[in-house]
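First up is the structure itself, then whatever we jot down about it.
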Amino acid sequence: MHAAPEKTMTAISTHDRFGPFGGRYVPETLIPALDELDSAFDSAMADAEFVRTVDEMLSTYVGRPSPLSDAPRLSEQVGTSVFLKREDLNHTGAHKINNTVGQALLAMRMGKRRIIAETGAGQHGVATATVCARFGLDCTVYMGEEDIRRQSLNVYRMKLMGAKVVPVSSGTKTLKDATSEAIRDWVTNVNDSYYIIGSVVGPAPYPRMVREFQSVIGREAREQMLNRTGKLPTAVVACVGGGSNAMGIFHPFEDDRDVKLIGVEAAGHGLESGEHSASLLRGKPGVLHGTLSYLLQDGDGQVHPAHSISAGLDYPGVGPEHAWLKDSGRAEYVAVTDEDALRGFATLSRLEGIIPALETSHAIAWVIDNASRWIKSDSVLICVSGRGDKDMAQIAEMGFLDR
Ligand SMILES: *Cc1c(COP(=O)(O)O)cnc(C)c1O
């Protein structure tokens, strides 16, 4: 049960912050809508009927619980027991649908039937279009023109399921600009529209809300590990873009102080190259999309464009709770280059017959390259955030198999 949210004049209560991070840095007009969302979320989560409806959708539509697979050949290579939490087996192929199911049900509970979303590579857009089709909701997805060009198949999928895809031509024509445009739409149409954000980012209560909807990953995985091995894992490893699959698998382990939590950012062409997405390792605190967190910035404090081979990690910010997990020392953050992620991609495919998303491949590669950290009796739990089908065209174009 959740306590009733504390109402204060400032509209910023302590549960809006993670240490100093998070909060609401938004136009005044959005504050009442965020307040409404905050109390609607808390009352929904305290309502057994709502929670049961979410669980039922996750089971009958998404296919949960997702399996925990052992990985015998990878384990042999790493020299410890590796377990894979299979979010790649969800409907639509990644963890993102856990969140869109929860938020779409919340939108309907709030009486809102027009949905807005932003998307980068199109994965969150597809997950949103999917649940909107299922519930008969009106769906508008903002997407940068550059991303529309690079991810035409996902645009096709969204349209097929009845979503309207709005091209965004401002800035770098990518995720950051699409998010700004989605927020603009929400400010204008806040009375009848619900904004489904795709990661643990944005103004409060989004980071906490998305974390809660994604925590099903960690709750299942924790129980599956206990059932399978009789103990908790030595370490939990997940890739970090905005940070939702990582928060989802980390959160239920946070009070298990002996379990190491390791988030893997995208080092792109290398941390020293300036072309990466390592907000936590190379960013500084700053405000983007309504929240205070680590942010890639240039010398003038302007947002520095991110780079990663995987579109899902290509975001200059990161969820505020990760900023706090880093500063408080509860989680450790590391980074893996494009090149190394490709090796991780190939290794899991060859050793286990599981083709991971390029995002996930960062987490795989880090575990392989840090084999010396583990002893045989350890166990390492990796979140397989998604499947690699969406990346096959990009991989084939690179002539990957011929190298
Ligand atoms: C979007 C995406 C990510 C990155 O998003 P997070 O919010 O950091 O989880 C990771 N993996 C896959 C497969 C994705 O689609």
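Order determines the names: the first chain of the structure tokens is A, the second B, and so forth; residues in each chain are numbered 1 upward, and ligands are numbered 1 upward as they are shown.
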| request: Could you pull out the residues sitting within 7 Å of ligand 1, using only C-alpha atoms and all ligand atoms, and write them as a count of residues only? | output: 24
Please produce, as a tab-separated table, a per-residue contact table for range 12-61 of chain A versus range 100-120 of chain A (criterion: any atom at most 12 Å away, only C-alpha atoms considered), showing the nearest atom pair and its distance in Å to one decimal, sorted by chain then residue number.
residue	atom	partner	partner_atom	distance
A:Ala33	CA	A:Met110	CA	11.2
A:Glu36	CA	A:Met110	CA	9.0
A:Leu37	CA	A:Met110	CA	8.4
A:Asp38	CA	A:Leu106	CA	10.9
A:Ser39	CA	A:Met110	CA	10.5
A:Ala40	CA	A:Met110	CA	7.0
A:Phe41	CA	A:Leu106	CA	7.0
A:Asp42	CA	A:Leu106	CA	10.4
A:Ser43	CA	A:Leu106	CA	10.1
A:Ala44	CA	A:Leu106	CA	7.3
A:Met45	CA	A:Leu106	CA	9.5
A:Asp47	CA	A:Arg109	CA	11.3
A:Glu49	CA	A:Arg109	CA	11.3
A:Phe50	CA	A:Leu105	CA	8.1
A:Val51	CA	A:Gly102	CA	9.0
A:Arg52	CA	A:Gly102	CA	11.1
A:Thr53	CA	A:Leu105	CA	8.3
A:Val54	CA	A:Gly102	CA	6.0
A:Asp55	CA	A:Gly102	CA	9.1
A:Glu56	CA	A:Val101	CA	10.4
A:Met57	CA	A:Val101	CA	7.3
A:Leu58	CA	A:Val101	CA	7.5
A:Ser59	CA	A:Val101	CA	11.1
A:Thr60	CA	A:Val101	CA	11.7
A:Tyr61	CA	A:Val101	CA	9.4
Would you export the selected residues with N, CA and C atoms as a PDB file, in the first residue's frame, please?
ATOM      1  N   ALA A  33      -1.413  19.092 -13.802  1.00  0.00           N
ATOM      2  CA  ALA A  33      -1.518  17.790 -14.475  1.00  0.00           C
ATOM      3  C   ALA A  33      -0.598  16.761 -13.819  1.00  0.00           C
ATOM      4  N   GLU A  36      -2.171  15.764 -10.590  1.00  0.00           N
ATOM      5  CA  GLU A  36      -3.284  14.852 -10.846  1.00  0.00           C
ATOM      6  C   GLU A  36      -2.755  13.446 -11.135  1.00  0.00           C
ATOM      7  N   LEU A  37      -1.718  13.386 -11.952  1.00  0.00           N
ATOM      8  CA  LEU A  37      -1.112  12.104 -12.312  1.00  0.00           C
ATOM      9  C   LEU A  37      -0.549  11.412 -11.075  1.00  0.00           C
ATOM     10  N   ASP A  38       0.134  12.193 -10.255  1.00  0.00           N
ATOM     11  CA  ASP A  38       0.751  11.670  -9.044  1.00  0.00           C
ATOM     12  C   ASP A  38      -0.288  11.004  -8.134  1.00  0.00           C
ATOM     13  N   SER A  39      -1.400  11.704  -7.882  1.00  0.00           N
ATOM     14  CA  SER A  39      -2.380  11.083  -6.976  1.00  0.00           C
ATOM     15  C   SER A  39      -3.143   9.967  -7.663  1.00  0.00           C
ATOM     16  N   ALA A  40      -3.371  10.087  -8.987  1.00  0.00           N
ATOM     17  CA  ALA A  40      -4.050   9.003  -9.704  1.00  0.00           C
ATOM     18  C   ALA A  40      -3.206   7.726  -9.659  1.00  0.00           C
ATOM     19  N   PHE A  41      -1.894   7.890  -9.821  1.00  0.00           N
ATOM     20  CA  PHE A  41      -1.008   6.717  -9.789  1.00  0.00           C
ATOM     21  C   PHE A  41      -1.029   6.063  -8.410  1.00  0.00           C
ATOM     22  N   ASP A  42      -0.878   6.882  -7.365  1.00  0.00           N
ATOM     23  CA  ASP A  42      -0.855   6.317  -6.019  1.00  0.00           C
ATOM     24  C   ASP A  42      -2.174   5.626  -5.675  1.00  0.00           C
ATOM     25  N   SER A  43      -3.292   6.236  -6.079  1.00  0.00           N
ATOM     26  CA  SER A  43      -4.562   5.599  -5.725  1.00  0.00           C
ATOM     27  C   SER A  43      -4.770   4.332  -6.562  1.00  0.00           C
ATOM     28  N   ALA A  44      -4.296   4.338  -7.804  1.00  0.00           N
ATOM     29  CA  ALA A  44      -4.400   3.127  -8.637  1.00  0.00           C
ATOM     30  C   ALA A  44      -3.594   1.978  -8.033  1.00  0.00           C
ATOM     31  N   MET A  45      -2.371   2.285  -7.593  1.00  0.00           N
ATOM     32  CA  MET A  45      -1.515   1.226  -7.064  1.00  0.00           C
ATOM     33  C   MET A  45      -2.023   0.695  -5.721  1.00  0.00           C
ATOM     34  N   ASP A  47      -5.153   0.233  -5.263  1.00  0.00           N
ATOM     35  CA  ASP A  47      -6.419  -0.417  -5.609  1.00  0.00           C
ATOM     36  C   ASP A  47      -6.132  -1.823  -6.150  1.00  0.00           C
ATOM     37  N   GLU A  49      -7.885  -4.004  -7.465  1.00  0.00           N
ATOM     38  CA  GLU A  49      -8.517  -4.295  -8.744  1.00  0.00           C
ATOM     39  C   GLU A  49      -7.646  -3.795  -9.902  1.00  0.00           C
ATOM     40  N   PHE A  50      -7.086  -2.579  -9.767  1.00  0.00           N
ATOM     41  CA  PHE A  50      -6.200  -2.041 -10.795  1.00  0.00           C
ATOM     42  C   PHE A  50      -4.950  -2.916 -10.929  1.00  0.00           C
ATOM     43  N   VAL A  51      -4.357  -3.235  -9.796  1.00  0.00           N
ATOM     44  CA  VAL A  51      -3.134  -4.050  -9.812  1.00  0.00           C
ATOM     45  C   VAL A  51      -3.410  -5.411 -10.460  1.00  0.00           C
ATOM     46  N   ARG A  52      -4.579  -5.975 -10.159  1.00  0.00           N
ATOM     47  CA  ARG A  52      -4.939  -7.265 -10.741  1.00  0.00           C
ATOM     48  C   ARG A  52      -5.114  -7.156 -12.264  1.00  0.00           C
ATOM     49  N   THR A  53      -5.721  -6.050 -12.716  1.00  0.00           N
ATOM     50  CA  THR A  53      -5.906  -5.838 -14.157  1.00  0.00           C
ATOM     51  C   THR A  53      -4.552  -5.713 -14.874  1.00  0.00           C
ATOM     52  N   VAL A  54      -3.626  -4.968 -14.260  1.00  0.00           N
ATOM     53  CA  VAL A  54      -2.284  -4.849 -14.850  1.00  0.00           C
ATOM     54  C   VAL A  54      -1.648  -6.238 -14.951  1.00  0.00           C
ATOM     55  N   ASP A  55      -1.700  -6.990 -13.835  1.00  0.00           N
ATOM     56  CA  ASP A  55      -1.085  -8.323 -13.817  1.00  0.00           C
ATOM     57  C   ASP A  55      -1.688  -9.246 -14.870  1.00  0.00           C
ATOM     58  N   GLU A  56      -3.001  -9.143 -15.028  1.00  0.00           N
ATOM     59  CA  GLU A  56      -3.679 -10.012 -15.989  1.00  0.00           C
ATOM     60  C   GLU A  56      -3.244  -9.682 -17.419  1.00  0.00           C
ATOM     61  N   MET A  57      -3.132  -8.378 -17.734  1.00  0.00           N
ATOM     62  CA  MET A  57      -2.646  -7.976 -19.060  1.00  0.00           C
ATOM     63  C   MET A  57      -1.221  -8.466 -19.281  1.00  0.00           C
ATOM     64  N   LEU A  58      -0.388  -8.332 -18.239  1.00  0.00           N
ATOM     65  CA  LEU A  58       1.010  -8.757 -18.370  1.00  0.00           C
ATOM     66  C   LEU A  58       1.077 -10.256 -18.620  1.00  0.00           C
ATOM     67  N   SER A  59       0.148 -10.989 -18.031  1.00  0.00           N
ATOM     68  CA  SER A  59       0.186 -12.434 -18.210  1.00  0.00           C
ATOM     69  C   SER A  59      -0.453 -12.861 -19.537  1.00  0.00           C
ATOM     70  N   THR A  60      -1.642 -12.340 -19.861  1.00  0.00           N
ATOM     71  CA  THR A  60      -2.355 -12.866 -21.023  1.00  0.00           C
ATOM     72  C   THR A  60      -1.967 -12.187 -22.333  1.00  0.00           C
ATOM     73  N   TYR A  61      -1.379 -10.983 -22.266  1.00  0.00           N
ATOM     74  CA  TYR A  61      -1.086 -10.248 -23.499  1.00  0.00           C
ATOM     75  C   TYR A  61       0.430 -10.136 -23.740  1.00  0.00           C
TER      76      TYR A  61
END
| field | Å distance separating CA of Ala163 in chain A from CA of Asp138 in chain A, one decimal place | value |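 Separation of CA of Ala163 in chain A and CA of Asp138 in chain A: 7.2 Å.
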| said: List as JSON, numbers by chain the protein and nucleic acid residues near Arg219 in chain A, meaning an atom at most 12 Å away when only C-alpha atoms are counted, but skip any in the same chain fewer than 6 places from it. | reply: {"A": [64, 65, 66, 68, 85, 211, 212, 213, 225, 226, 247, 248, 249, 250, 251, 252, 253, 254]}
Would you save the residues of that selection, restricted to C-alpha atoms, as an mmCIF file, in the first residue's frame?
data_model
loop_
_atom_site.group_PDB
_atom_site.id
_atom_site.type_symbol
_atom_site.label_atom_id
_atom_site.label_comp_id
_atom_site.auth_asym_id
_atom_site.auth_seq_id
_atom_site.Cartn_x
_atom_site.Cartn_y
_atom_site.Cartn_z
ATOM 1 C CA ARG A 64 4.702 -12.827 -18.370
ATOM 2 C CA PRO A 65 6.324 -14.115 -16.315
ATOM 3 C CA SER A 66 9.297 -13.993 -18.663
ATOM 4 C CA LEU A 68 14.907 -17.009 -16.412
ATOM 5 C CA LYS A 85 16.154 -12.590 -17.542
ATOM 6 C CA ARG A 211 10.187 2.211 -12.244
ATOM 7 C CA GLU A 212 7.181 0.694 -10.495
ATOM 8 C CA PHE A 213 5.700 -0.627 -13.747
ATOM 9 C CA MET A 225 16.903 -16.928 -8.799
ATOM 10 C CA LEU A 226 15.929 -18.057 -5.285
ATOM 11 C CA MET A 247 15.687 0.312 -12.594
ATOM 12 C CA GLY A 248 13.103 -2.418 -13.182
ATOM 13 C CA ILE A 249 15.518 -5.227 -12.416
ATOM 14 C CA PHE A 250 17.560 -3.316 -9.767
ATOM 15 C CA HIS A 251 14.746 -2.006 -7.594
ATOM 16 C CA PRO A 252 13.583 -5.276 -5.959
ATOM 17 C CA PHE A 253 17.242 -6.047 -5.085
ATOM 18 C CA GLU A 254 18.033 -2.619 -3.631
#
Might you pull out every residue within 7 Å of range 315-328 of chain A, with only C-alpha atoms counted and same-chain residues fewer than 5 positions away left off, and present them as a PDB file with all heavy atoms, in the first residue's frame?
ATOM      1  N   PHE A  18      15.186  11.926  -5.683  1.00  0.00           N
ATOM      2  CA  PHE A  18      16.086  10.826  -5.361  1.00  0.00           C
ATOM      3  C   PHE A  18      17.364  11.504  -4.919  1.00  0.00           C
ATOM      4  O   PHE A  18      18.140  11.961  -5.773  1.00  0.00           O
ATOM      5  CB  PHE A  18      16.308   9.927  -6.580  1.00  0.00           C
ATOM      6  CG  PHE A  18      15.007   9.447  -7.180  1.00  0.00           C
ATOM      7  CD1 PHE A  18      14.432  10.129  -8.240  1.00  0.00           C
ATOM      8  CD2 PHE A  18      14.350   8.335  -6.655  1.00  0.00           C
ATOM      9  CE1 PHE A  18      13.224   9.705  -8.784  1.00  0.00           C
ATOM     10  CE2 PHE A  18      13.141   7.918  -7.191  1.00  0.00           C
ATOM     11  CZ  PHE A  18      12.575   8.601  -8.257  1.00  0.00           C
ATOM     12  N   GLY A  19      17.582  11.624  -3.602  1.00  0.00           N
ATOM     13  CA  GLY A  19      18.650  12.519  -3.130  1.00  0.00           C
ATOM     14  C   GLY A  19      18.312  13.895  -3.673  1.00  0.00           C
ATOM     15  O   GLY A  19      17.164  14.337  -3.613  1.00  0.00           O
ATOM     16  N   PHE A  21      18.306  14.667  -6.815  1.00  0.00           N
ATOM     17  CA  PHE A  21      17.929  14.541  -8.236  1.00  0.00           C
ATOM     18  C   PHE A  21      16.419  14.364  -8.421  1.00  0.00           C
ATOM     19  O   PHE A  21      15.705  14.021  -7.503  1.00  0.00           O
ATOM     20  CB  PHE A  21      18.683  13.370  -8.874  1.00  0.00           C
ATOM     21  CG  PHE A  21      20.178  13.533  -8.807  1.00  0.00           C
ATOM     22  CD1 PHE A  21      20.930  12.785  -7.908  1.00  0.00           C
ATOM     23  CD2 PHE A  21      20.830  14.458  -9.615  1.00  0.00           C
ATOM     24  CE1 PHE A  21      22.306  12.948  -7.826  1.00  0.00           C
ATOM     25  CE2 PHE A  21      22.200  14.624  -9.547  1.00  0.00           C
ATOM     26  CZ  PHE A  21      22.948  13.864  -8.643  1.00  0.00           C
ATOM     27  N   GLY A  22      15.978  14.561  -9.651  1.00  0.00           N
ATOM     28  CA  GLY A  22      14.560  14.399  -9.967  1.00  0.00           C
ATOM     29  C   GLY A  22      13.851  15.749  -9.943  1.00  0.00           C
ATOM     30  O   GLY A  22      14.348  16.744 -10.456  1.00  0.00           O
ATOM     31  N   VAL A 200      12.552   5.914 -17.306  1.00  0.00           N
ATOM     32  CA  VAL A 200      12.475   6.478 -15.952  1.00  0.00           C
ATOM     33  C   VAL A 200      13.005   7.912 -15.926  1.00  0.00           C
ATOM     34  O   VAL A 200      13.823   8.270 -15.091  1.00  0.00           O
ATOM     35  CB  VAL A 200      13.236   5.600 -14.928  1.00  0.00           C
ATOM     36  CG1 VAL A 200      12.454   4.342 -14.608  1.00  0.00           C
ATOM     37  CG2 VAL A 200      14.634   5.242 -15.451  1.00  0.00           C
ATOM     38  N   VAL A 201      12.556   8.704 -16.882  1.00  0.00           N
ATOM     39  CA  VAL A 201      13.018  10.085 -17.035  1.00  0.00           C
ATOM     40  C   VAL A 201      11.806  11.028 -16.932  1.00  0.00           C
ATOM     41  O   VAL A 201      10.703  10.589 -16.632  1.00  0.00           O
ATOM     42  CB  VAL A 201      13.755  10.272 -18.389  1.00  0.00           C
ATOM     43  CG1 VAL A 201      14.993   9.380 -18.443  1.00  0.00           C
ATOM     44  CG2 VAL A 201      12.830   9.961 -19.564  1.00  0.00           C
ATOM     45  N   PRO A 207       9.520   9.233 -13.212  1.00  0.00           N
ATOM     46  CA  PRO A 207      10.599   8.273 -12.937  1.00  0.00           C
ATOM     47  C   PRO A 207      10.189   7.170 -11.954  1.00  0.00           C
ATOM     48  O   PRO A 207      10.508   6.001 -12.149  1.00  0.00           O
ATOM     49  CB  PRO A 207      11.716   9.162 -12.356  1.00  0.00           C
ATOM     50  CG  PRO A 207      11.454  10.520 -12.933  1.00  0.00           C
ATOM     51  CD  PRO A 207       9.956  10.629 -12.976  1.00  0.00           C
ATOM     52  N   GLY A 241      20.039   3.197 -20.810  1.00  0.00           N
ATOM     53  CA  GLY A 241      19.828   4.316 -21.734  1.00  0.00           C
ATOM     54  C   GLY A 241      19.193   5.417 -20.897  1.00  0.00           C
ATOM     55  O   GLY A 241      19.869   6.174 -20.208  1.00  0.00           O
ATOM     56  N   GLY A 242      17.859   5.478 -20.897  1.00  0.00           N
ATOM     57  CA  GLY A 242      17.160   6.307 -19.918  1.00  0.00           C
ATOM     58  C   GLY A 242      17.204   5.619 -18.554  1.00  0.00           C
ATOM     59  O   GLY A 242      17.175   6.257 -17.515  1.00  0.00           O
ATOM     60  N   GLY A 243      17.248   4.289 -18.611  1.00  0.00           N
ATOM     61  CA  GLY A 243      17.457   3.524 -17.382  1.00  0.00           C
ATOM     62  C   GLY A 243      16.283   2.704 -16.884  1.00  0.00           C
ATOM     63  O   GLY A 243      16.287   2.259 -15.739  1.00  0.00           O
ATOM     64  N   SER A 277      27.279   7.850 -25.016  1.00  0.00           N
ATOM     65  CA  SER A 277      26.028   8.179 -24.320  1.00  0.00           C
ATOM     66  C   SER A 277      26.172   7.953 -22.825  1.00  0.00           C
ATOM     67  O   SER A 277      25.198   7.632 -22.146  1.00  0.00           O
ATOM     68  CB  SER A 277      24.885   7.306 -24.858  1.00  0.00           C
ATOM     69  OG  SER A 277      24.762   7.452 -26.246  1.00  0.00           O
ATOM     70  N   SER A 279      26.074   9.265 -19.819  1.00  0.00           N
ATOM     71  CA  SER A 279      25.656  10.429 -19.027  1.00  0.00           C
ATOM     72  C   SER A 279      26.152  10.345 -17.585  1.00  0.00           C
ATOM     73  O   SER A 279      26.536  11.348 -16.999  1.00  0.00           O
ATOM     74  CB  SER A 279      24.135  10.539 -19.001  1.00  0.00           C
ATOM     75  OG  SER A 279      23.577  10.058 -20.193  1.00  0.00           O
ATOM     76  N   LEU A 280      26.110   9.139 -17.006  1.00  0.00           N
ATOM     77  CA  LEU A 280      26.484   9.004 -15.598  1.00  0.00           C
ATOM     78  C   LEU A 280      27.994   9.085 -15.423  1.00  0.00           C
ATOM     79  O   LEU A 280      28.486   9.663 -14.464  1.00  0.00           O
ATOM     80  CB  LEU A 280      25.960   7.673 -15.052  1.00  0.00           C
ATOM     81  CG  LEU A 280      24.435   7.621 -14.870  1.00  0.00           C
ATOM     82  CD1 LEU A 280      23.940   6.183 -14.832  1.00  0.00           C
ATOM     83  CD2 LEU A 280      24.012   8.375 -13.613  1.00  0.00           C
ATOM     84  N   LEU A 288      17.115  18.297 -17.988  1.00  0.00           N
ATOM     85  CA  LEU A 288      16.609  17.988 -19.330  1.00  0.00           C
ATOM     86  C   LEU A 288      15.234  17.339 -19.174  1.00  0.00           C
ATOM     87  O   LEU A 288      15.044  16.470 -18.319  1.00  0.00           O
ATOM     88  CB  LEU A 288      17.570  17.032 -20.064  1.00  0.00           C
ATOM     89  CG  LEU A 288      17.128  16.610 -21.482  1.00  0.00           C
ATOM     90  CD1 LEU A 288      17.113  17.794 -22.440  1.00  0.00           C
ATOM     91  CD2 LEU A 288      18.051  15.507 -22.033  1.00  0.00           C
ATOM     92  N   LEU A 292      16.121  16.843 -12.944  1.00  0.00           N
ATOM     93  CA  LEU A 292      17.536  17.097 -12.663  1.00  0.00           C
ATOM     94  C   LEU A 292      18.264  15.770 -12.550  1.00  0.00           C
ATOM     95  O   LEU A 292      17.925  14.937 -11.702  1.00  0.00           O
ATOM     96  CB  LEU A 292      17.671  17.883 -11.347  1.00  0.00           C
ATOM     97  CG  LEU A 292      19.101  18.097 -10.825  1.00  0.00           C
ATOM     98  CD1 LEU A 292      19.912  18.974 -11.764  1.00  0.00           C
ATOM     99  CD2 LEU A 292      19.078  18.696  -9.425  1.00  0.00           C
ATOM    100  N   SER A 293      19.256  15.588 -13.410  1.00  0.00           N
ATOM    101  CA  SER A 293      20.018  14.339 -13.384  1.00  0.00           C
ATOM    102  C   SER A 293      21.362  14.572 -14.061  1.00  0.00           C
ATOM    103  O   SER A 293      21.671  15.697 -14.452  1.00  0.00           O
ATOM    104  CB  SER A 293      19.241  13.227 -14.102  1.00  0.00           C
ATOM    105  OG  SER A 293      19.915  12.001 -13.987  1.00  0.00           O
ATOM    106  N   TYR A 294      22.146  13.524 -14.189  1.00  0.00           N
ATOM    107  CA  TYR A 294      23.382  13.653 -14.967  1.00  0.00           C
ATOM    108  C   TYR A 294      23.014  13.832 -16.437  1.00  0.00           C
ATOM    109  O   TYR A 294      22.064  13.211 -16.931  1.00  0.00           O
ATOM    110  CB  TYR A 294      24.278  12.435 -14.782  1.00  0.00           C
ATOM    111  CG  TYR A 294      25.058  12.492 -13.489  1.00  0.00           C
ATOM    112  CD1 TYR A 294      24.528  11.988 -12.300  1.00  0.00           C
ATOM    113  CD2 TYR A 294      26.319  13.079 -13.450  1.00  0.00           C
ATOM    114  CE1 TYR A 294      25.233  12.060 -11.108  1.00  0.00           C
ATOM    115  CE2 TYR A 294      27.041  13.147 -12.260  1.00  0.00           C
ATOM    116  CZ  TYR A 294      26.490  12.637 -11.093  1.00  0.00           C
ATOM    117  OH  TYR A 294      27.188  12.714  -9.926  1.00  0.00           O
ATOM    118  N   LEU A 295      23.800  14.660 -17.113  1.00  0.00           N
ATOM    119  CA  LEU A 295      23.448  15.071 -18.468  1.00  0.00           C
ATOM    120  C   LEU A 295      24.736  15.365 -19.238  1.00  0.00           C
ATOM    121  O   LEU A 295      25.652  15.997 -18.697  1.00  0.00           O
ATOM    122  CB  LEU A 295      22.582  16.338 -18.340  1.00  0.00           C
ATOM    123  CG  LEU A 295      22.103  17.058 -19.580  1.00  0.00           C
ATOM    124  CD1 LEU A 295      21.210  16.151 -20.409  1.00  0.00           C
ATOM    125  CD2 LEU A 295      21.305  18.317 -19.151  1.00  0.00           C
ATOM    126  N   LEU A 296      24.797  14.905 -20.480  1.00  0.00           N
ATOM    127  CA  LEU A 296      25.957  15.240 -21.319  1.00  0.00           C
ATOM    128  C   LEU A 296      25.839  16.708 -21.720  1.00  0.00           C
ATOM    129  O   LEU A 296      24.831  17.133 -22.277  1.00  0.00           O
ATOM    130  CB  LEU A 296      25.989  14.363 -22.577  1.00  0.00           C
ATOM    131  CG  LEU A 296      26.157  12.855 -22.363  1.00  0.00           C
ATOM    132  CD1 LEU A 296      26.159  12.123 -23.708  1.00  0.00           C
ATOM    133  CD2 LEU A 296      27.434  12.545 -21.581  1.00  0.00           C
ATOM    134  N   HIS A 304      24.920  18.129 -24.972  1.00  0.00           N
ATOM    135  CA  HIS A 304      25.838  17.571 -25.965  1.00  0.00           C
ATOM    136  C   HIS A 304      25.191  16.324 -26.570  1.00  0.00           C
ATOM    137  O   HIS A 304      24.769  15.437 -25.836  1.00  0.00           O
ATOM    138  CB  HIS A 304      27.161  17.211 -25.283  1.00  0.00           C
ATOM    139  CG  HIS A 304      28.208  16.720 -26.225  1.00  0.00           C
ATOM    140  ND1 HIS A 304      28.973  17.575 -26.983  1.00  0.00           N
ATOM    141  CD2 HIS A 304      28.608  15.467 -26.543  1.00  0.00           C
ATOM    142  CE1 HIS A 304      29.808  16.851 -27.731  1.00  0.00           C
ATOM    143  NE2 HIS A 304      29.603  15.576 -27.485  1.00  0.00           N
ATOM    144  N   PRO A 305      25.087  16.254 -27.914  1.00  0.00           N
ATOM    145  CA  PRO A 305      24.407  15.097 -28.523  1.00  0.00           C
ATOM    146  C   PRO A 305      25.073  13.775 -28.138  1.00  0.00           C
ATOM    147  O   PRO A 305      26.299  13.694 -28.051  1.00  0.00           O
ATOM    148  CB  PRO A 305      24.558  15.348 -30.031  1.00  0.00           C
ATOM    149  CG  PRO A 305      24.982  16.763 -30.181  1.00  0.00           C
ATOM    150  CD  PRO A 305      25.635  17.187 -28.898  1.00  0.00           C
ATOM    151  N   ALA A 306      24.243  12.772 -27.900  1.00  0.00           N
ATOM    152  CA  ALA A 306      24.748  11.456 -27.533  1.00  0.00           C
ATOM    153  C   ALA A 306      25.070  10.666 -28.792  1.00  0.00           C
ATOM    154  O   ALA A 306      24.577  10.969 -29.879  1.00  0.00           O
ATOM    155  CB  ALA A 306      23.698  10.720 -26.709  1.00  0.00           C
TER     156      ALA A 306
END
| message | Based on the backbone DSSP call, show me all residues of range 33-227 of chain A assigned alpha helix (DSSP H), as number ranges by chain. | response | A: 33-45, 48-57, 72-78, 96-109, 123-135, 145-150, 152-160, 175-188, 206-214, 216-227
| task | Please provide the set of residues having any atom within 9 Å of range 394-397 of chain A, restricted to only C-alpha atoms, with same-chain residues fewer than 4 positions apart removed, written as a count of residues only. | result | 3
| note | Computed gap from CA of Asn98 in chain A to CA of Asp255 in chain A is 22.7 Å
| query | Which residue out of A:Leu261, A:Val336, A:Val303, A:Ala363 has the minimum interatomic distance to His276 in chain A when only C-alpha atoms are used? | reply |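 Of A:Leu261, A:Val336, A:Val303, A:Ala363, the one nearest His276 in chain A is A:Val336, counting only C-alpha atoms.
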| said: What's around Asp258 in chain A at 12 Å? Count only C-alpha atoms, leave out sequence neighbours fewer than 2 positions away in its own chain, and write the answer as a list in words. | reply: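 Returned residues: Lys231, Leu232, Pro233, Thr234, Ala235, Val236, Phe253, Glu254, Asp255, Asp256, Lys260, Leu261, Arg330, Ala331 and Asp378 of chain A.
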